[in-house]
file run_16.pdb (PDB, C-alpha atoms)
MODEL        1
ATOM      1  CA  MET A   1     134.451  80.323 114.694
ATOM      2  CA  LYS A   2     131.965  78.498 112.443
ATOM      3  CA  THR A   3     129.162  80.593 113.919
ATOM      4  CA  ILE A   4     130.966  83.852 113.113
ATOM      5  CA  ILE A   5     131.640  82.747 109.527
ATOM      6  CA  THR A   6     127.997  81.656 109.137
ATOM      7  CA  VAL A   7     126.715  84.992 110.476
ATOM      8  CA  ILE A   8     129.047  86.930 108.150
ATOM      9  CA  PHE A   9     128.020  84.767 105.173
ATOM     10  CA  PHE A  10     124.289  85.329 105.795
ATOM     11  CA  GLY A  11     124.906  89.036 106.359
ATOM     12  CA  ILE A  12     126.635  89.325 102.977
ATOM     13  CA  LEU A  13     123.924  87.232 101.310
ATOM     14  CA  THR A  14     121.163  89.395 102.826
ATOM     15  CA  TYR A  15     122.927  92.571 101.669
ATOM     16  CA  ALA A  16     123.386  91.200  98.135
ATOM     17  CA  VAL A  17     119.709  90.251  97.830
ATOM     18  CA  ALA A  18     118.643  93.686  99.115
ATOM     19  CA  GLN A  19     120.836  95.377  96.491
ATOM     20  CA  ARG A  20     119.344  93.388  93.611
ATOM     21  CA  PRO A  21     117.844  95.745  90.992
ATOM     22  CA  ALA A  22     114.100  96.069  90.506
ATOM     23  CA  THR A  23     112.446  93.606  88.129
ATOM     24  CA  LEU A  24     109.177  93.707  86.207
ATOM     25  CA  SER A  25     107.739  91.315  88.775
ATOM     26  CA  GLN A  26     107.849  94.286  91.154
ATOM     27  CA  CYS A  27     105.468  96.225  88.898
ATOM     28  CA  GLN A  28     102.062  96.260  90.517
ATOM     29  CA  SER A  29      99.120  98.557  89.902
ATOM     30  CA  ASP A  30      96.751  99.475  92.711
ATOM     31  CA  LEU A  31      93.931  99.277  90.161
ATOM     32  CA  PRO A  32      92.596  95.913  88.986
ATOM     33  CA  ALA A  33      93.037  94.973  85.331
ATOM     34  CA  LYS A  34      90.042  94.615  83.042
ATOM     35  CA  GLN A  35      88.789  91.028  83.384
ATOM     36  CA  ASP A  36      87.269  90.460  79.952
ATOM     37  CA  LEU A  37      89.697  92.311  77.677
ATOM     38  CA  SER A  38      89.392  91.456  73.993
ATOM     39  CA  ILE A  39      93.103  91.312  73.167
ATOM     40  CA  LEU A  40      92.572  91.255  69.390
ATOM     41  CA  THR A  41      90.306  94.324  69.508
ATOM     42  CA  PHE A  42      92.509  96.306  71.886
ATOM     43  CA  PHE A  43      95.869  95.646  70.190
ATOM     44  CA  LYS A  44      94.658  96.806  66.792
ATOM     45  CA  ASP A  45      95.399 100.085  65.030
ATOM     46  CA  SER A  46      96.677 103.176  66.840
ATOM     47  CA  TRP A  47      96.333 104.638  70.316
ATOM     48  CA  PHE A  48      97.705 108.039  71.346
ATOM     49  CA  VAL A  49      99.147 108.738  74.797
ATOM     50  CA  THR A  50      97.202 111.960  75.418
ATOM     51  CA  HIS A  51      97.371 112.129  79.236
ATOM     52  CA  ILE A  52      99.745 110.695  81.833
ATOM     53  CA  LYS A  53      99.654 110.530  85.625
ATOM     54  CA  ASP A  54     103.018 111.070  87.343
ATOM     55  CA  GLY A  55     104.807 111.417  84.020
ATOM     56  CA  GLY A  56     107.389 114.185  84.413
ATOM     57  CA  ASN A  57     109.586 114.281  81.292
ATOM     58  CA  GLU A  58     107.650 111.343  79.852
ATOM     59  CA  ALA A  59     104.609 113.570  79.272
ATOM     60  CA  THR A  60     105.049 113.746  75.514
ATOM     61  CA  CYS A  61     102.560 112.560  72.930
ATOM     62  CA  ARG A  62     103.314 109.178  71.446
ATOM     63  CA  GLU A  63     101.422 107.100  68.951
ATOM     64  CA  TYR A  64     101.196 103.426  69.923
ATOM     65  CA  LYS A  65     100.723 101.311  66.800
ATOM     66  CA  SER A  66      99.846  97.791  67.833
ATOM     67  CA  ASN A  67      98.819  94.445  66.429
ATOM     68  CA  ILE A  68      98.969  90.731  67.148
ATOM     69  CA  GLU A  69     101.458  88.895  64.942
ATOM     70  CA  ASN A  70     102.082  85.135  65.221
ATOM     71  CA  GLY A  71     100.480  85.111  68.665
ATOM     72  CA  ALA A  72     102.710  87.909  69.986
ATOM     73  CA  ILE A  73     101.869  91.529  70.757
ATOM     74  CA  LYS A  74     103.756  94.031  68.612
ATOM     75  CA  LEU A  75     103.702  97.596  69.886
ATOM     76  CA  ASN A  76     105.588 100.385  68.145
ATOM     77  CA  ALA A  77     105.624 103.876  69.627
ATOM     78  CA  VAL A  78     106.701 106.995  67.758
ATOM     79  CA  GLY A  79     106.906 110.519  69.075
ATOM     80  CA  GLU A  80     109.055 113.170  70.637
ATOM     81  CA  HIS A  81     111.092 112.458  73.750
ATOM     82  CA  LYS A  82     112.433 115.174  76.010
ATOM     83  CA  LEU A  83     116.145 114.531  76.564
ATOM     84  CA  ASN A  84     116.664 117.722  78.541
ATOM     85  CA  ARG A  85     114.692 120.851  79.349
ATOM     86  CA  ASP A  86     115.378 122.567  76.044
ATOM     87  CA  GLN A  87     115.320 119.828  73.492
ATOM     88  CA  ASN A  88     112.858 117.275  72.150
ATOM     89  CA  LYS A  89     114.194 114.460  69.997
ATOM     90  CA  HIS A  90     112.270 112.164  67.719
ATOM     91  CA  SER A  91     112.205 108.621  69.031
ATOM     92  CA  THR A  92     110.894 105.190  68.157
ATOM     93  CA  THR A  93     110.207 102.285  70.469
ATOM     94  CA  ASN A  94     109.679  98.747  69.208
ATOM     95  CA  CYS A  95     108.228  96.245  71.672
ATOM     96  CA  SER A  96     107.201  92.622  71.462
ATOM     97  CA  SER A  97     105.861  89.965  73.786
ATOM     98  CA  SER A  98     107.261  86.434  73.680
ATOM     99  CA  ARG A  99     105.949  84.183  70.943
ATOM    100  CA  GLY A 100     104.379  80.908  71.910
ATOM    101  CA  LYS A 101     103.092  82.118  75.276
ATOM    102  CA  THR A 102      99.328  82.333  75.703
ATOM    103  CA  LEU A 103      98.202  85.922  76.224
ATOM    104  CA  ASN A 104      96.113  86.310  79.380
ATOM    105  CA  PRO A 105      93.337  88.920  78.878
ATOM    106  CA  GLU A 106      93.873  90.170  82.445
ATOM    107  CA  GLY A 107      97.551  90.831  81.741
ATOM    108  CA  PRO A 108      99.949  92.088  82.574
ATOM    109  CA  PHE A 109     101.435  91.923  79.110
ATOM    110  CA  VAL A 110     105.219  91.712  79.394
ATOM    111  CA  LEU A 111     107.064  93.234  76.455
ATOM    112  CA  GLN A 112     110.748  93.596  75.614
ATOM    113  CA  CYS A 113     111.498  96.961  74.030
ATOM    114  CA  ARG A 114     114.171  98.796  72.085
ATOM    115  CA  HIS A 115     114.038 102.600  72.305
ATOM    116  CA  THR A 116     116.002 104.726  69.820
ATOM    117  CA  TYR A 117     116.508 108.497  70.088
ATOM    118  CA  TYR A 118     117.346 110.310  66.868
ATOM    119  CA  GLY A 119     119.192 113.587  66.501
ATOM    120  CA  ASP A 120     122.828 114.663  66.611
ATOM    121  CA  ASN A 121     123.805 111.321  68.111
ATOM    122  CA  GLU A 122     121.582 108.280  67.765
ATOM    123  CA  ARG A 123     121.204 106.412  71.061
ATOM    124  CA  THR A 124     119.528 103.105  71.790
ATOM    125  CA  THR A 125     118.371 101.699  75.117
ATOM    126  CA  PHE A 126     116.623  98.457  75.982
ATOM    127  CA  PHE A 127     113.947  97.954  78.603
ATOM    128  CA  GLY A 128     111.205  95.643  79.746
ATOM    129  CA  MET A 129     107.632  96.870  79.986
ATOM    130  CA  SER A 130     104.678  95.538  81.921
ATOM    131  CA  PHE A 131     101.399  96.766  80.427
ATOM    132  CA  SER A 132      97.942  96.266  82.006
ATOM    133  CA  VAL A 133      94.649  97.533  80.625
ATOM    134  CA  ILE A 134      92.519  98.836  83.501
ATOM    135  CA  ASP A 135      89.519  99.874  81.401
ATOM    136  CA  THR A 136      88.654 100.583  77.772
ATOM    137  CA  ASP A 137      85.707 101.051  75.448
ATOM    138  CA  TYR A 138      87.986 100.015  72.508
ATOM    139  CA  THR A 139      86.763 102.830  70.223
ATOM    140  CA  ASP A 140      87.644 106.015  72.129
ATOM    141  CA  TYR A 141      89.742 105.562  75.281
ATOM    142  CA  ALA A 142      91.768 103.181  77.428
ATOM    143  CA  LEU A 143      93.129 103.560  80.954
ATOM    144  CA  VAL A 144      96.426 101.671  81.123
ATOM    145  CA  TYR A 145      99.064 100.962  83.762
ATOM    146  CA  ARG A 146     102.586 100.935  82.307
ATOM    147  CA  CYS A 147     105.725  99.971  84.199
ATOM    148  CA  THR A 148     109.171 100.047  82.596
ATOM    149  CA  LYS A 149     112.463  98.652  83.880
ATOM    150  CA  TYR A 150     115.587  99.701  82.019
ATOM    151  CA  ILE A 151     118.000  96.847  81.459
ATOM    152  CA  ASN A 152     121.404  97.200  83.152
ATOM    153  CA  MET A 153     120.163 100.201  85.140
ATOM    154  CA  ASN A 154     118.456 100.292  88.482
ATOM    155  CA  PHE A 155     115.755 102.539  87.020
ATOM    156  CA  LYS A 156     112.039 101.837  86.959
ATOM    157  CA  THR A 157     109.058 104.019  86.043
ATOM    158  CA  ASN A 158     105.365 103.379  86.488
ATOM    159  CA  ASN A 159     102.519 105.507  85.213
ATOM    160  CA  LEU A 160      98.837 105.516  84.490
ATOM    161  CA  LEU A 161      98.198 106.470  80.878
ATOM    162  CA  LEU A 162      95.057 107.679  79.202
ATOM    163  CA  LEU A 163      95.181 106.390  75.637
ATOM    164  CA  GLN A 164      92.781 107.678  73.006
ATOM    165  CA  ARG A 165      92.143 106.682  69.411
ATOM    166  CA  VAL A 166      92.020 110.354  68.328
ATOM    167  CA  LYS A 167      95.203 112.360  68.904
ATOM    168  CA  THR A 168      93.374 115.609  69.703
ATOM    169  CA  ALA A 169      90.708 114.093  72.002
ATOM    170  CA  ASP A 170      90.236 115.998  75.264
ATOM    171  CA  GLY A 171      89.698 112.967  77.526
ATOM    172  CA  SER A 172      86.050 113.709  78.289
ATOM    173  CA  LYS A 173      84.870 110.308  77.002
ATOM    174  CA  ALA A 174      86.924 108.635  79.743
ATOM    175  CA  THR A 175      85.428 110.706  82.596
ATOM    176  CA  GLU A 176      83.000 108.038  83.784
ATOM    177  CA  SER A 177      85.663 105.329  83.669
ATOM    178  CA  LEU A 178      88.114 107.477  85.632
ATOM    179  CA  GLN A 179      85.470 108.221  88.278
ATOM    180  CA  LYS A 180      84.743 104.498  88.587
ATOM    181  CA  HIS A 181      88.403 104.094  89.606
ATOM    182  CA  THR A 182      88.319 107.147  91.947
ATOM    183  CA  LEU A 183      90.367 109.213  89.498
ATOM    184  CA  SER A 184      89.729 112.434  87.629
ATOM    185  CA  LEU A 185      91.166 113.903  84.447
ATOM    186  CA  GLN A 186      92.620 116.753  86.534
ATOM    187  CA  GLN A 187      95.040 114.253  88.122
ATOM    188  CA  PHE A 188      96.556 113.598  84.690
ATOM    189  CA  GLN A 189      98.957 115.806  82.765
ATOM    190  CA  LYS A 190      98.101 116.512  79.125
ATOM    191  CA  THR A 191     100.969 115.272  76.986
ATOM    192  CA  THR A 192     102.915 117.745  74.878
ATOM    193  CA  GLY A 193     102.069 117.459  71.191
ATOM    194  CA  CYS A 194      98.619 115.861  71.388
TER
ENDMDL
END
call {"tool": "encode", "arguments": {"input": "run_16.pdb", "output": "structure tokens"}}
result
Amino acid sequence: MKTIITVIFFGILTYAVAQRPATLSQCQSDLPAKQDLSILTFFKDSWFVTHIKDGGNEATCREYKSNIENGAIKLNAVGEHKLNRDQNKHSTTNCSSSRGKTLNPEGPFVLQCRHTYYGDNERTTFFGMSFSVIDTDYTDYALVYRCTKYINMNFKTNNLLLLQRVKTADGSKATESLQKHTLSLQQFQKTTGC
């Protein structure tokens, strides 16, 4: 009888662990992060999400305004977000890393975010984001891996982003970097609005 109860208990425990929602620790890029990233130079001023790989509805232009404040990364994104096929809504996302933790140049940078959609009904969602810089020249482009996990939902996204300092840039300055990582600009979708 004890054996049957033990087997049932471990069966339930195994099932419960298998049903556990995805966490940011499950975010892993196939591409290695940049080893010698200058955090202060990268997280300064604005970047525009001009191209996205595997983006779907997320393929809208956003401006990432970033800085380092009290040892924490602050990243604010503004842009349009496609809520359904017919309608874009203005949105803002405010993200921050934990204060007091040393920032590792290799990342990933773990941020907690609040995303607000504006329009007829204002909606707010919260999510965690893992952000790794694969390559950058700091002045024109950056290739970034972004993984998001929405809190209280079993929903995770991961994308490669091409960020550029100029909103209307065509991505050509990143060609050599993409090739170095066996990628091409044709594998990326141009974001709407950039």
call {"tool": "atom_distance", "arguments": {"input": "run_16.pdb", "atom1": "atom CA of A:Pro108", "atom2": "atom CA of A:Thr139"}}
result
21.0 Å
call {"tool": "resolve_selection", "arguments": {"input": "run_16.pdb", "expression": "the PyMOL selection byres ((chain A and resi 188) around 10)", "output": "PyMOL selection string"}}
result
chain A and resi 50-55+59+160-162+171+183-187+189-191
call {"tool": "closest_residue", "arguments": {"input": "run_16.pdb", "among": "A:Tyr138, A:Gly56, A:Gly128, A:Cys113", "to": "A:Lys173", "atoms": "only C-alpha atoms"}}
result
A:Tyr138
call {"tool": "resolve_selection", "arguments": {"input": "run_16.pdb", "expression": "the PyMOL selection byres ((chain A and resi 153) around 10)", "output": "list in words"}}
result
Pro21, Ala22, Phe126, Phe127, Lys149, Tyr150, Ile151, Asn152, Asn154, Phe155 and Lys156 of chain A
call {"tool": "write_last_selection", "arguments": {"input": "run_16.pdb", "atoms": "C-alpha atoms", "output": "mmCIF file, in the coordinates of the input"}}
result
data_model
loop_
_atom_site.group_PDB
_atom_site.id
_atom_site.type_symbol
_atom_site.label_atom_id
_atom_site.label_comp_id
_atom_site.auth_asym_id
_atom_site.auth_seq_id
_atom_site.Cartn_x
_atom_site.Cartn_y
_atom_site.Cartn_z
ATOM 1 C CA PRO A 21 117.844 95.745 90.992
ATOM 2 C CA ALA A 22 114.100 96.069 90.506
ATOM 3 C CA PHE A 126 116.623 98.457 75.982
ATOM 4 C CA PHE A 127 113.947 97.954 78.603
ATOM 5 C CA LYS A 149 112.463 98.652 83.880
ATOM 6 C CA TYR A 150 115.587 99.701 82.019
ATOM 7 C CA ILE A 151 118.000 96.847 81.459
ATOM 8 C CA ASN A 152 121.404 97.200 83.152
ATOM 9 C CA ASN A 154 118.456 100.292 88.482
ATOM 10 C CA PHE A 155 115.755 102.539 87.020
ATOM 11 C CA LYS A 156 112.039 101.837 86.959
#
call {"tool": "closest_residue", "arguments": {"input": "run_16.pdb", "among": "A:Ala142, A:Ile73, A:Leu163, A:Leu111", "to": "A:Ser177", "atoms": "only C-alpha atoms"}}
result
A:Ala142
call {"tool": "residues_near_point", "arguments": {"input": "run_16.pdb", "point": "(99.4, 98.0, 90.9)", "cutoff": "12 Å", "atoms": "only C-alpha atoms", "output": "list in words"}}
result
Leu24, Ser25, Gln26, Cys27, Gln28, Ser29, Asp30, Leu31, Pro32, Ala33, Gly107, Pro108, Ser130, Phe131, Ser132, Val133, Ile134, Val144, Tyr145, Arg146, Cys147, Asn158, Asn159 and Leu160 of chain A
call {"tool": "resolve_selection", "arguments": {"input": "run_16.pdb", "expression": "the PyMOL selection byres ((chain A and resi 76) around 12)", "output": "PyMOL selection string"}}
result
chain A and resi 43-48+62-68+73-75+77-79+91-97+111-116
call {"tool": "atom_distance", "arguments": {"input": "run_16.pdb", "atom1": "atom CA of A:Lys89", "atom2": "atom CA of A:Gly193"}}
result
12.5 Å
call {"tool": "atom_distance", "arguments": {"input": "run_16.pdb", "atom1": "atom CA of A:Leu178", "atom2": "atom CA of A:Thr136"}}
result
10.5 Å
call {"tool": "closest_residue", "arguments": {"input": "run_16.pdb", "among": "A:Met129, A:Asn104, A:Tyr117, A:Asp140", "to": "A:Thr157", "atoms": "only C-alpha atoms"}}
result
A:Met129
call {"tool": "decode", "arguments": {"input": "run_16.pdb", "residues": "stretch 141-157 of chain A", "atoms": "N, CA and C atoms", "output": "short mmCIF file (atom, residue, chain, number, x, y, z; two decimals), in the first residue's frame"}}
result
data_model
loop_
_atom_site.label_atom_id
_atom_site.label_comp_id
_atom_site.auth_asym_id
_atom_site.auth_seq_id
_atom_site.Cartn_x
_atom_site.Cartn_y
_atom_site.Cartn_z
N TYR A 141 24.10 50.48 -34.99
CA TYR A 141 23.24 49.30 -34.91
C TYR A 141 23.57 48.44 -33.69
N ALA A 142 22.61 47.59 -33.35
CA ALA A 142 22.82 46.55 -32.33
C ALA A 142 21.95 45.35 -32.70
N LEU A 143 22.50 44.17 -32.57
CA LEU A 143 21.75 42.93 -32.71
C LEU A 143 21.49 42.43 -31.30
N VAL A 144 20.21 42.25 -30.96
CA VAL A 144 19.82 41.96 -29.58
C VAL A 144 18.88 40.76 -29.54
N TYR A 145 19.04 39.93 -28.53
CA TYR A 145 18.09 38.85 -28.26
C TYR A 145 17.20 39.32 -27.12
N ARG A 146 15.89 39.25 -27.34
CA ARG A 146 14.92 39.67 -26.32
C ARG A 146 13.95 38.52 -26.05
N CYS A 147 13.77 38.20 -24.79
CA CYS A 147 12.82 37.17 -24.40
C CYS A 147 11.90 37.77 -23.34
N THR A 148 10.61 37.63 -23.52
CA THR A 148 9.65 38.16 -22.56
C THR A 148 8.78 37.04 -22.01
N LYS A 149 8.47 37.13 -20.74
CA LYS A 149 7.57 36.18 -20.07
C LYS A 149 6.52 37.00 -19.34
N TYR A 150 5.27 36.84 -19.77
CA TYR A 150 4.18 37.60 -19.17
C TYR A 150 3.76 36.98 -17.85
N ILE A 151 3.74 37.82 -16.82
CA ILE A 151 3.42 37.38 -15.48
C ILE A 151 1.97 36.90 -15.41
N ASN A 152 1.76 35.82 -14.71
CA ASN A 152 0.43 35.19 -14.53
C ASN A 152 -0.15 34.63 -15.82
N MET A 153 0.66 34.49 -16.85
CA MET A 153 0.23 33.85 -18.09
C MET A 153 1.32 32.87 -18.49
N ASN A 154 0.96 31.81 -19.10
CA ASN A 154 1.96 30.88 -19.60
C ASN A 154 2.28 31.28 -21.04
N PHE A 155 2.84 32.49 -21.19
CA PHE A 155 3.09 33.05 -22.52
C PHE A 155 4.49 33.64 -22.55
N LYS A 156 5.28 33.19 -23.49
CA LYS A 156 6.66 33.65 -23.62
C LYS A 156 6.93 33.95 -25.08
N THR A 157 7.67 35.02 -25.35
CA THR A 157 8.11 35.33 -26.71
C THR A 157 9.63 35.48 -26.70
#
